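A.B. asks: my_file.cif (mmCIF, C-alpha atoms) pasted underneath:
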```
data_work
loop_
_atom_site.label_atom_id
_atom_site.label_comp_id
_atom_site.auth_asym_id
_atom_site.auth_seq_id
_atom_site.Cartn_x
_atom_site.Cartn_y
_atom_site.Cartn_z
CA MET A 74 -9.39 15.68 12.22
CA THR A 75 -8.37 18.62 14.33
CA VAL A 76 -4.68 18.69 14.91
CA ASP A 77 -3.30 20.26 18.03
CA LEU A 78 -0.27 21.80 16.40
CA LYS A 79 1.39 22.80 19.65
CA GLN A 80 1.14 19.28 21.01
CA GLU A 81 2.28 17.83 17.73
CA ARG A 82 5.28 20.13 17.61
CA GLU A 83 6.32 18.93 21.07
CA LEU A 84 5.95 15.35 19.92
CA VAL A 85 8.14 15.95 16.88
CA VAL A 86 10.86 17.51 19.02
CA LYS A 87 10.77 14.59 21.44
CA ALA A 88 10.62 12.05 18.62
CA ARG A 89 14.03 13.20 17.42
CA LYS A 90 15.57 11.58 20.45
CA ASP A 91 13.01 8.99 21.39
CA THR A 92 11.81 6.27 19.06
CA GLU A 93 8.83 5.54 21.28
CA VAL A 94 7.56 9.06 20.70
CA PHE A 95 8.13 8.59 17.01
CA GLY A 96 5.96 5.52 17.43
CA GLN A 97 3.16 7.79 18.66
CA LEU A 98 3.51 10.01 15.61
CA TYR A 99 3.50 6.88 13.49
CA ASP A 100 0.29 5.63 15.09
CA GLN A 101 -1.36 8.99 14.55
CA ASN A 102 -0.43 9.14 10.90
CA PHE A 103 -0.15 5.59 9.58
CA GLY A 104 -3.80 5.27 8.59
CA ARG A 105 -4.01 8.47 6.61
CA ILE A 106 -0.70 7.96 4.83
CA PHE A 107 -1.37 4.33 3.98
CA GLY A 108 -4.88 5.32 2.85
CA TYR A 109 -3.55 8.13 0.69
CA VAL A 110 -0.94 5.97 -0.98
CA LEU A 111 -3.48 3.20 -1.50
CA ARG A 112 -5.96 5.57 -3.12
CA ARG A 113 -3.19 7.03 -5.30
CA THR A 114 -1.93 3.63 -6.46
CA ALA A 115 -4.96 1.31 -6.18
CA SER A 116 -2.57 -1.45 -5.16
CA VAL A 117 -2.20 -2.90 -1.69
CA PRO A 118 1.37 -4.23 -2.11
CA VAL A 119 2.54 -0.96 -3.66
CA ALA A 120 0.84 1.00 -0.87
CA GLN A 121 2.69 -1.14 1.69
CA ASP A 122 6.00 -0.71 -0.03
CA VAL A 123 5.65 3.04 -0.42
CA THR A 124 4.25 3.57 3.09
CA SER A 125 7.28 1.75 4.53
CA GLU A 126 9.55 4.05 2.58
CA VAL A 127 7.64 7.12 3.74
CA PHE A 128 8.00 6.37 7.42
CA PHE A 129 11.62 5.30 7.20
CA LYS A 130 12.40 8.46 5.26
CA ALA A 131 10.52 10.48 7.86
CA LEU A 132 12.45 8.82 10.66
CA LYS A 133 15.72 9.32 8.86
CA ASN A 134 15.04 12.99 8.07
CA LEU A 135 13.26 13.99 11.24
CA GLU A 136 16.10 16.25 12.27
CA LYS A 137 15.78 18.13 9.00
CA PHE A 138 12.08 18.77 9.56
CA HIS A 139 11.61 22.46 10.25
CA TRP A 140 8.44 23.43 11.99
CA GLN A 141 6.53 25.91 9.86
CA GLY A 142 3.19 25.88 11.58
CA ILE A 143 1.72 23.18 9.42
CA PRO A 144 0.75 19.70 10.54
CA PHE A 145 3.38 17.00 10.61
CA SER A 146 1.06 14.98 8.40
CA ALA A 147 1.49 17.54 5.61
CA TRP A 148 5.20 16.72 5.58
CA LEU A 149 4.39 13.01 5.49
CA TYR A 150 1.96 13.52 2.60
CA ARG A 151 4.71 15.34 0.74
CA ILE A 152 7.16 12.51 1.30
CA ALA A 153 4.47 10.08 0.22
CA SER A 154 3.88 11.90 -3.07
CA HIS A 155 7.60 11.90 -3.72
CA GLU A 156 7.90 8.21 -2.89
CA ILE A 157 4.97 7.30 -5.14
CA ALA A 158 6.74 8.95 -8.06
CA ASN A 159 10.02 7.37 -7.00
CA TYR A 160 8.42 3.95 -6.76
CA TYR A 161 7.24 4.03 -10.34
CA ARG A 162 10.64 5.14 -11.54
CA LYS A 163 12.18 2.06 -9.94
CA LYS A 164 9.29 -0.30 -10.62
CA ARG A 165 10.48 -1.86 -13.82
CA ARG A 166 13.82 -2.81 -12.31
CA GLU A 167 12.31 -4.38 -9.22
CA ALA A 168 9.64 -6.24 -11.17
CA ALA A 169 12.37 -7.81 -13.25
CA HIS A 170 14.12 -8.92 -10.11
CA ALA A 171 10.93 -10.26 -8.60
CA ILE A 172 10.52 -12.62 -11.51
CA LEU A 173 14.04 -13.87 -11.05
CA VAL A 174 13.76 -14.34 -7.33
CA ARG A 175 10.54 -16.26 -7.20
CA ASP A 176 10.98 -19.93 -7.54
CA GLY A 177 9.04 -23.00 -6.57
CA ASP A 178 5.67 -22.76 -4.98
CA PRO A 179 4.69 -19.59 -3.28
CA ALA A 180 4.75 -19.20 0.43
CA VAL A 181 1.83 -17.91 2.39
CA ASN A 182 2.34 -16.01 5.60
CA PRO A 183 -0.06 -14.06 7.79
CA LEU A 184 0.88 -10.83 6.09
CA SER A 185 0.19 -12.21 2.64
CA VAL A 186 -3.25 -13.35 3.83
CA GLU A 187 -3.91 -9.83 5.09
CA ILE A 188 -2.84 -8.46 1.74
CA ALA A 189 -5.10 -10.85 -0.13
CA GLN A 190 -8.06 -9.82 2.02
CA ALA A 191 -7.27 -6.17 1.50
CA GLU A 192 -7.11 -6.70 -2.23
CA ASP A 193 -10.47 -8.38 -2.15
CA ILE A 194 -11.92 -5.28 -0.50
CA LEU A 195 -10.20 -3.04 -3.00
CA MET A 196 -11.54 -5.01 -5.95
CA ARG A 197 -15.10 -4.47 -4.76
CA HIS A 198 -14.78 -0.71 -5.21
CA GLU A 199 -15.38 -0.69 -8.91
CA GLU A 200 -16.45 2.92 -9.24
CA TYR A 201 -13.35 4.08 -7.40
CA LEU A 202 -11.14 1.84 -9.55
CA SER A 203 -12.72 3.29 -12.65
CA LEU A 204 -12.05 6.85 -11.47
CA HIS A 205 -8.54 5.90 -10.43
CA MET A 206 -7.87 4.54 -13.88
CA ALA A 207 -8.66 7.96 -15.33
CA ILE A 208 -6.73 9.84 -12.65
CA ALA A 209 -3.71 7.59 -13.13
CA GLN A 210 -3.44 8.73 -16.73
CA LEU A 211 -2.93 12.34 -15.64
CA PRO A 212 0.47 13.86 -14.95
CA PRO A 213 1.47 13.29 -11.28
CA ARG A 214 0.88 16.92 -10.25
CA TYR A 215 -2.79 16.61 -11.20
CA GLN A 216 -3.11 13.14 -9.67
CA GLU A 217 -1.79 14.56 -6.43
CA VAL A 218 -4.17 17.50 -6.09
CA ILE A 219 -7.26 15.62 -7.26
CA THR A 220 -6.61 12.73 -4.87
CA LEU A 221 -5.93 15.06 -1.97
CA ARG A 222 -8.99 17.18 -2.66
CA TYR A 223 -11.59 14.54 -3.36
CA PHE A 224 -10.32 11.28 -1.90
CA GLU A 225 -8.53 12.69 1.14
CA ASP A 226 -11.06 15.49 1.58
CA LYS A 227 -8.38 18.13 2.01
CA GLN A 228 -9.16 21.81 1.75
CA ILE A 229 -7.31 23.98 -0.76
CA LYS A 230 -5.24 25.52 2.04
CA GLU A 231 -4.17 22.10 3.29
CA ILE A 232 -3.24 20.94 -0.20
CA ALA A 233 -1.19 24.10 -0.63
CA GLN A 234 0.68 23.24 2.58
CA ILE A 235 1.30 19.70 1.41
CA ILE A 236 2.55 20.47 -2.06
CA GLY A 237 4.26 23.69 -1.07
CA LYS A 238 2.41 25.88 -3.59
CA ARG A 239 0.10 28.85 -3.32
CA GLU A 240 -3.62 28.29 -2.96
CA GLY A 241 -4.21 29.90 -6.34
CA THR A 242 -1.84 27.40 -7.93
CA VAL A 243 -3.69 24.54 -6.29
CA LYS A 244 -7.02 25.81 -7.63
CA SER A 245 -5.54 26.13 -11.05
CA LEU A 246 -4.05 22.63 -10.94
CA LEU A 247 -7.37 21.23 -9.78
CA HIS A 248 -9.28 22.97 -12.55
CA ARG A 249 -6.89 21.84 -15.26
CA GLY A 250 -6.70 18.33 -13.83
CA LEU A 251 -10.46 17.96 -13.80
CA GLU A 252 -10.67 19.28 -17.33
CA ARG A 253 -8.14 16.70 -18.53
CA MET A 254 -9.95 14.00 -16.61
CA ARG A 255 -13.27 14.95 -18.22
CA ASN A 256 -11.69 14.69 -21.64
CA LEU A 257 -10.28 11.28 -20.80
CA MET A 258 -13.62 10.03 -19.55
CA GLY A 259 -15.43 11.34 -22.57
CA MET B 45 -19.45 15.03 -18.87
CA GLU B 46 -19.79 18.40 -17.14
CA GLU B 47 -17.21 19.43 -14.54
CA GLN B 48 -19.81 19.59 -11.80
CA GLU B 49 -20.94 16.08 -12.64
CA LEU B 50 -17.38 14.81 -12.37
CA ILE B 51 -16.85 16.63 -9.08
CA GLU B 52 -19.99 15.06 -7.65
CA GLN B 53 -18.82 11.65 -8.76
CA LEU B 54 -15.43 12.21 -7.12
CA GLU B 55 -17.01 13.52 -3.94
CA ASN B 56 -19.50 10.72 -3.60
CA VAL B 57 -17.54 7.69 -4.72
CA LYS B 58 -17.24 4.99 -2.08
CA LEU B 59 -13.57 4.77 -1.25
CA PRO B 60 -11.75 1.67 -0.07
CA GLN B 61 -11.12 1.88 3.67
CA ILE B 62 -8.60 -0.80 4.40
CA GLU B 63 -6.95 -1.49 7.71
CA MET B 64 -3.85 -3.63 7.80
CA ALA B 65 -3.14 -4.17 11.46
CA ASP B 66 -0.50 -6.84 10.96
CA TYR B 67 1.44 -4.81 8.46
CA GLN B 68 1.05 -1.66 10.56
CA SER B 69 2.46 -3.32 13.65
CA ARG B 70 5.32 -4.99 11.73
CA LEU B 71 6.32 -1.70 10.18
CA LYS B 72 6.18 0.04 13.52
CA MET B 73 8.36 -2.66 15.03
CA ALA B 74 10.84 -2.28 12.19
CA LEU B 75 10.92 1.49 12.68
CA LEU B 76 11.46 1.26 16.40
CA GLU B 77 13.97 -1.55 16.02
CA SER B 78 15.88 0.40 13.41
CA ASP B 79 17.38 2.49 16.16
CA TYR B 80 17.76 5.36 13.76
CA LEU B 81 17.53 7.92 16.48
CA GLY B 82 19.82 6.16 18.86
CA LYS B 83 22.98 4.39 17.92
CA ARG B 84 22.20 4.68 14.20
CA ARG B 85 23.46 1.29 13.29
CA GLU B 86 24.17 0.56 9.68
CA VAL B 87 21.48 -1.99 9.15
CA VAL B 88 19.34 -2.19 6.10
CA PHE B 89 16.17 -4.14 6.39
CA MET B 90 14.57 -5.63 3.44
CA GLU B 91 11.31 -7.37 3.36
CA VAL B 92 10.94 -10.05 0.77
CA ILE B 93 7.41 -11.18 0.86
CA LYS B 94 5.78 -13.55 -1.47
CA VAL B 95 2.33 -12.29 -1.98
CA ARG B 96 -0.73 -13.93 -3.30
CA ALA B 97 -1.94 -11.17 -5.55
CA VAL B 98 -5.47 -12.33 -6.15
CA GLY B 99 -6.54 -10.35 -9.14
CA ALA B 100 -4.64 -7.40 -7.87
CA LEU B 101 -4.69 -4.20 -9.77
CA ASP B 102 -1.64 -2.14 -9.95
CA SER B 103 -0.76 1.01 -11.76
CA ILE B 104 2.33 1.31 -13.84
CA ALA B 105 4.47 4.28 -14.63
CA GLY B 106 2.42 5.42 -17.55
CA GLY B 107 -0.64 5.46 -15.41
CA LEU B 108 -2.20 2.44 -17.03
CA ILE B 109 -3.60 -0.38 -15.00
CA THR B 110 -2.52 -3.93 -15.59
CA GLN B 111 -3.24 -7.30 -14.09
CA GLN B 112 -0.58 -8.48 -11.67
CA PRO B 113 1.06 -11.86 -12.05
CA VAL B 114 -0.35 -14.44 -9.67
CA TRP B 115 2.72 -14.31 -7.55
CA LYS B 116 4.89 -11.44 -6.95
CA VAL B 117 7.72 -10.64 -4.69
CA ILE B 118 7.65 -7.29 -3.05
CA LEU B 119 11.03 -5.97 -2.35
CA ALA B 120 10.41 -3.39 0.28
CA THR B 121 13.68 -1.75 0.96
CA VAL B 122 12.61 0.13 3.96
CA LEU B 123 15.68 1.67 5.39
CA THR B 124 18.69 3.36 3.95
CA ALA B 125 20.98 4.48 6.68
CA ALA B 126 22.64 7.78 6.08
CA VAL B 127 25.37 6.69 8.38
CA ILE B 128 26.31 3.73 6.25
CA GLY B 129 28.44 5.92 4.07
CA ALA B 130 30.21 7.42 7.04
CA ALA B 131 30.76 4.00 8.55
CA VAL B 132 32.13 2.77 5.28
CA PHE B 133 34.56 5.65 4.93
CA ALA B 134 35.78 4.90 8.41
CA GLY B 135 36.37 1.29 7.55
CA TYR B 136 33.70 0.31 10.01
CA SER B 137 33.39 -3.36 10.72
CA ILE B 138 29.89 -4.65 10.83
CA GLY B 139 28.61 -6.02 14.10
CA PRO B 140 26.42 -9.01 14.78
CA GLN B 141 23.36 -9.45 12.67
CA LYS B 142 20.14 -8.08 13.87
CA ALA B 143 17.08 -10.31 13.89
CA SER B 144 14.58 -9.20 11.31
CA PRO B 145 11.10 -8.39 12.53
CA PHE B 146 9.82 -9.75 9.26
CA PRO B 147 9.11 -13.46 9.07
CA GLU B 148 9.80 -13.61 5.39
CA GLY B 149 13.18 -12.21 4.71
CA SER B 150 15.71 -9.70 5.78
CA MET B 151 18.66 -7.94 4.32
CA GLU B 152 21.61 -6.65 6.19
CA VAL B 153 24.79 -4.84 5.46
CA GLY B 154 27.81 -6.78 6.42
CA GLY B 155 29.11 -10.26 6.04
CA PRO B 156 32.47 -11.25 4.66
CA GLN B 157 34.37 -8.88 2.44
CA LEU B 158 33.79 -9.18 -1.27
CA THR B 159 36.43 -11.03 -3.16
CA ALA B 160 38.21 -9.20 -5.95
CA GLU B 161 36.16 -11.21 -8.45
CA GLN B 162 32.89 -10.33 -6.73
CA LYS B 163 33.83 -6.66 -6.65
CA GLU B 164 34.76 -6.73 -10.30
CA LEU B 165 31.50 -8.48 -11.13
CA ALA B 166 29.56 -5.86 -9.13
CA LEU B 167 31.30 -3.06 -11.03
CA THR B 168 30.56 -4.76 -14.35
CA ILE B 169 26.89 -5.13 -13.47
CA LEU B 170 26.74 -1.53 -12.30
CA MET B 171 28.34 -0.22 -15.47
CA ALA B 172 25.86 -2.15 -17.60
CA ASP B 173 22.84 -0.78 -15.77
CA ALA B 174 20.90 1.95 -17.55
CA GLY B 175 20.19 3.88 -14.35
CA VAL B 176 23.83 3.85 -13.33
CA GLN B 177 24.86 4.87 -16.83
CA GLU B 178 22.56 7.86 -16.52
CA LEU B 179 24.25 8.79 -13.24
CA LEU B 180 27.66 8.42 -14.87
CA ARG B 181 26.52 10.83 -17.59
CA GLN B 182 25.71 13.25 -14.78
CA GLY B 183 29.27 12.94 -13.52
CA ALA B 184 28.86 10.13 -11.02
CA ILE B 185 31.92 8.57 -9.47
CA ILE B 186 31.97 4.92 -8.49
CA GLU B 187 34.79 4.17 -6.11
CA PRO B 188 35.65 0.46 -5.96
CA ASP B 189 36.32 0.92 -2.26
CA LEU B 190 32.69 1.85 -1.81
CA VAL B 191 31.42 -1.38 -3.28
CA LEU B 192 30.61 -3.32 -0.16
CA PRO B 193 29.20 -6.69 0.80
CA LEU B 194 25.51 -7.04 1.39
CA GLU B 195 24.43 -10.25 2.98
CA VAL B 196 20.92 -11.13 1.94
CA VAL B 197 18.86 -13.57 3.88
CA MET B 198 15.65 -14.64 2.21
CA THR B 199 13.23 -17.06 3.72
CA LYS B 200 10.40 -18.91 2.15
CA THR B 201 7.91 -21.39 3.43
CA ASN B 202 8.14 -24.86 2.01
CA ASP B 203 4.68 -25.49 0.71
CA GLN B 204 4.87 -29.21 1.40
CA THR B 205 6.47 -29.31 4.81
CA GLY B 206 5.42 -25.91 6.03
CA GLU B 207 8.93 -25.31 7.26
CA ILE B 208 10.72 -22.05 6.70
CA GLU B 209 13.79 -22.39 4.56
CA GLU B 210 16.57 -19.87 4.57
CA ILE B 211 18.45 -18.76 1.52
CA ARG B 212 21.60 -16.72 1.97
CA GLU B 213 23.31 -14.84 -0.78
CA THR B 214 26.08 -12.30 -0.95
CA TRP B 215 25.21 -9.23 -2.93
CA ALA B 216 26.99 -5.94 -3.22
CA GLN B 217 26.01 -2.47 -2.19
CA ALA B 218 27.66 0.43 -3.96
CA TRP B 219 27.67 4.06 -2.90
CA ILE B 220 27.81 6.37 -5.84
CA GLN B 221 28.70 10.02 -5.52
CA VAL B 222 26.84 12.34 -7.87
CA GLY B 223 27.69 15.94 -7.08
CA ASP B 224 26.48 16.59 -3.56
CA SER B 225 24.25 13.57 -3.41
CA VAL B 226 24.98 9.93 -2.72
CA TRP B 227 23.12 7.14 -4.46
CA GLY B 228 22.95 3.61 -3.19
CA ALA B 229 22.78 0.65 -5.55
CA LYS B 230 22.05 -2.90 -4.49
CA VAL B 231 23.63 -5.39 -6.83
CA ASP B 232 22.40 -8.96 -7.03
CA LEU B 233 25.58 -10.82 -7.88
CA VAL B 234 23.75 -14.11 -8.37
CA ARG B 235 21.42 -12.84 -11.06
CA SER B 236 23.68 -10.08 -12.34
CA ILE B 237 21.23 -7.24 -11.96
CA VAL B 238 21.00 -3.97 -10.11
CA VAL B 239 18.02 -4.48 -7.85
CA SER B 240 17.57 -0.94 -6.67
CA LEU B 241 19.09 2.43 -7.22
CA SER B 242 18.02 5.30 -5.05
CA GLU B 243 19.30 8.54 -3.71
#
```
Translate this structure into C-alpha cells?
C.D. replies:
Amino acid sequence: MTVDLKQERELVVKARKDTEVFGQLYDQNFGRIFGYVLRRTASVPVAQDVTSEVFFKALKNLEKFHWQGIPFSAWLYRIASHEIANYYRKKRREAAHAILVRDGDPAVNPLSVEIAQAEDILMRHEEYLSLHMAIAQLPPRYQEVITLRYFEDKQIKEIAQIIGKREGTVKSLLHRGLERMRNLMG
Amino acid sequence: MEEQELIEQLENVKLPQIEMADYQSRLKMALLESDYLGKRREVVFMEVIKVRAVGALDSIAGGLITQQPVWKVILATVLTAAVIGAAVFAGYSIGPQKASPFPEGSMEVGGPQLTAEQKELALTILMADAGVQELLRQGAIIEPDLVLPLEVVMTKTNDQTGEIEEIRETWAQAWIQVGDSVWGAKVDLVRSIVVSLSE
C-alpha cells in the first residue's frame, strides 16, 4: 500500500488534539496491525489483547511520536513487537488469574462468537501453523524480521524502519533466522 | 531443507486473513471514548471476556504451542492513563463512573477508599509477588499512599436465564516508582494475586 507520508503526517498532527482524526489513523492501520500480531502469535484472543494495547499505547504516546519521514504504521509495528514480547512476559500471571476468575458456565457474547469463527479460520491454515510453530521457537528478534519479511511482505528498508536497525543488520538477522529455522525443521 | 526451499515455502504459504469487525469497532469506540487527548480522565478500561476457545492454538513464552483450555478469560487491560499518577499525587477525587463500551466487563479507577486492612493486604500481596520483588531488587519504592482503590465490575451472562449478572469487587492499584519509570500493579484483593504489572 502506498502511503502518502505528507497526508499522514498532517493526520498525526491533528490526531494529537482530535480523537476523531485518531480514529481515521486507527481505521487505516487496524487491519495490518491486527494481522501482524495474529500472524506472530497464531492466537486470536492474544492478537485482540495485544492489538488493544498497541492502539492505546499509540494514543497515549502520540505526543511523543516524532516524525522521521517513515510511515506511522512503522511506529505501530514497533509498538506491536514490543507488546507481543510484553504480553508473553505477563502471560503466566494473567493465565493464573483467568483460572481463578472463571466460574460457573461460560457466557457467550457476540464478540466471543466472532472470536470462535476467527479461530476456526485460523485452524484451517495448517501449513502456516506449522511454519509458525518453527518461527515461534526462534528468539524474538528473528521472529520479528521473518514475520515482517515473509508474512507481512515488507521490504528490507521497511523492516529497518520498523525495528530501527540498519538494512545490513536486517539482512543479517534474516539470514541467521532462516538458518536457525532450517535447523529446527530438519 | 535448503534455504531457498524454506524461503519459497514462507513466501507461498496461505496466510490467515481474518477480519473482526465487531472487535474492531468496539476497540475504536473504547479509544475514542477514552478521551485521552481531551480531558484525560483517569479511567482504566478492562475487558473481561469469556471466550469459547474452540481448539485454539496459542503460543507461550518459550515459543511452544499448546492447546488452550476450553474456556478462558481474556483480561485485556487496554488503557493505562499516564495522568492517573498525577491525579493521585494531587489527591484527585474520582468522578462518576463511565459506562463501558464492552458488554462483558469493565474496570475503573475509583470507588471508596481502601480500608487500612485492604491497603495492608494489598501491600502484603505485592510484596509476595515475584515480579514486584524483582522491581524491589532494582530499587523500587512502594508508597502506601499510592496504593489506591480499583473498582472492578465484571459481568457474565447467566447461561440459564440469559440475563447479564454484575459482579463488583474492590481491588487495589499500586503505583511503583523504579528510578525514572512508574510501574502499575493491579492487585486482586479477593484472590490475593497481582493480576498485572506493567510499566
A.B. asks: Residues at most 12 Å from A:Gln234, counting only C-alpha atoms, excluding those fewer than 5 positions away in the same chain, as a list in words?
C.D. replies: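 What passes the distance filter is Gln141, Gly142, Ile143, Pro144, Phe145, Ser146, Ala147, Trp148, Leu149, Tyr150, Arg151, Val218, Leu221, Lys227, Gln228, Ile229, Arg239, Glu240, Thr242 and Val243 of chain A.
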A.B. asks: So that each row is one residue of chain A with an atom at most 6 Å from chain B, can you give its shortest atom pair and the distance in Å to one decimal, using all atoms listed in the file, rows by chain and rising number, as JSON lines?
C.D. replies:
```
{"residue": "A:Lys90", "atom": "CA", "partner": "B:Leu81", "partner_atom": "CA", "distance": 5.7}
{"residue": "A:Thr92", "atom": "CA", "partner": "B:Leu76", "partner_atom": "CA", "distance": 5.7}
{"residue": "A:Ser116", "atom": "CA", "partner": "B:Asp102", "partner_atom": "CA", "distance": 4.9}
{"residue": "A:Asp122", "atom": "CA", "partner": "B:Ala120", "partner_atom": "CA", "distance": 5.2}
{"residue": "A:Ser125", "atom": "CA", "partner": "B:Val122", "partner_atom": "CA", "distance": 5.6}
{"residue": "A:Glu126", "atom": "CA", "partner": "B:Val122", "partner_atom": "CA", "distance": 5.2}
{"residue": "A:Phe129", "atom": "CA", "partner": "B:Leu123", "partner_atom": "CA", "distance": 5.7}
{"residue": "A:Tyr161", "atom": "CA", "partner": "B:Ala105", "partner_atom": "CA", "distance": 5.1}
{"residue": "A:Glu167", "atom": "CA", "partner": "B:Val239", "partner_atom": "CA", "distance": 5.9}
{"residue": "A:Ala171", "atom": "CA", "partner": "B:Val117", "partner_atom": "CA", "distance": 5.1}
{"residue": "A:Ala180", "atom": "CA", "partner": "B:Thr201", "partner_atom": "CA", "distance": 4.9}
{"residue": "A:Ser185", "atom": "CA", "partner": "B:Val95", "partner_atom": "CA", "distance": 5.1}
{"residue": "A:Leu195", "atom": "CA", "partner": "B:Pro60", "partner_atom": "CA", "distance": 5.8}
{"residue": "A:Ala209", "atom": "CA", "partner": "B:Gly107", "partner_atom": "CA", "distance": 4.4}
{"residue": "A:Gln210", "atom": "CA", "partner": "B:Gly107", "partner_atom": "CA", "distance": 4.5}
{"residue": "A:Tyr223", "atom": "CA", "partner": "B:Glu55", "partner_atom": "CA", "distance": 5.5}
```
A.B. asks: Between atom CA of A:Lys79 and atom CA of A:Phe95, what is the distance in Å, rounded to a tenth?
C.D. replies: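 Interatomic distance here is 15.9 Å.
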A.B. asks: For each of A:Arg89, A:Lys130, A:Arg253, A:His139, take the minimum atom-to-atom distance to A:Ala207, counting all atoms listed in the file, then give the residue where this is smallest.
C.D. replies: A:Arg253
A.B. asks: In Å, how far is it from atom CA of A:Tyr109 to atom CA of A:Ile219?
C.D. replies: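 Taking atom CA of A:Tyr109 and atom CA of A:Ile219, their separation equals 11.5 Å.
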A.B. asks: Provide the atom CA of B:Gln217 to atom CA of A:Glu136 distance in Å, to one decimal place.
C.D. replies: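 These atoms are spaced 25.6 Å apart.
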A.B. asks: Looking at all atoms listed in the file, which of A:Tyr160, A:Phe138, A:Tyr215, A:Tyr201 is the one that sits closest to A:Ala88?
C.D. replies: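 Between A:Tyr160, A:Phe138, A:Tyr215, A:Tyr201, the residue approaching A:Ala88 most closely is A:Phe138.
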A.B. asks: For each of B:Ala218, B:Met171, B:Val231, B:Val226, take the minimum atom-to-atom distance to B:Glu187, counting only C-alpha atoms, then give the residue where this is smallest.
C.D. replies: B:Ala218
A.B. asks: Enumerate, as a list of chain:residue names, the residues matched when the PyMOL selection byres ((chain B and resi 223) around 9) is run on the file above.
C.D. replies: B:Gln182, B:Gly183, B:Ala184, B:Ile185, B:Gln221, B:Val222, B:Asp224, B:Ser225, B:Val226
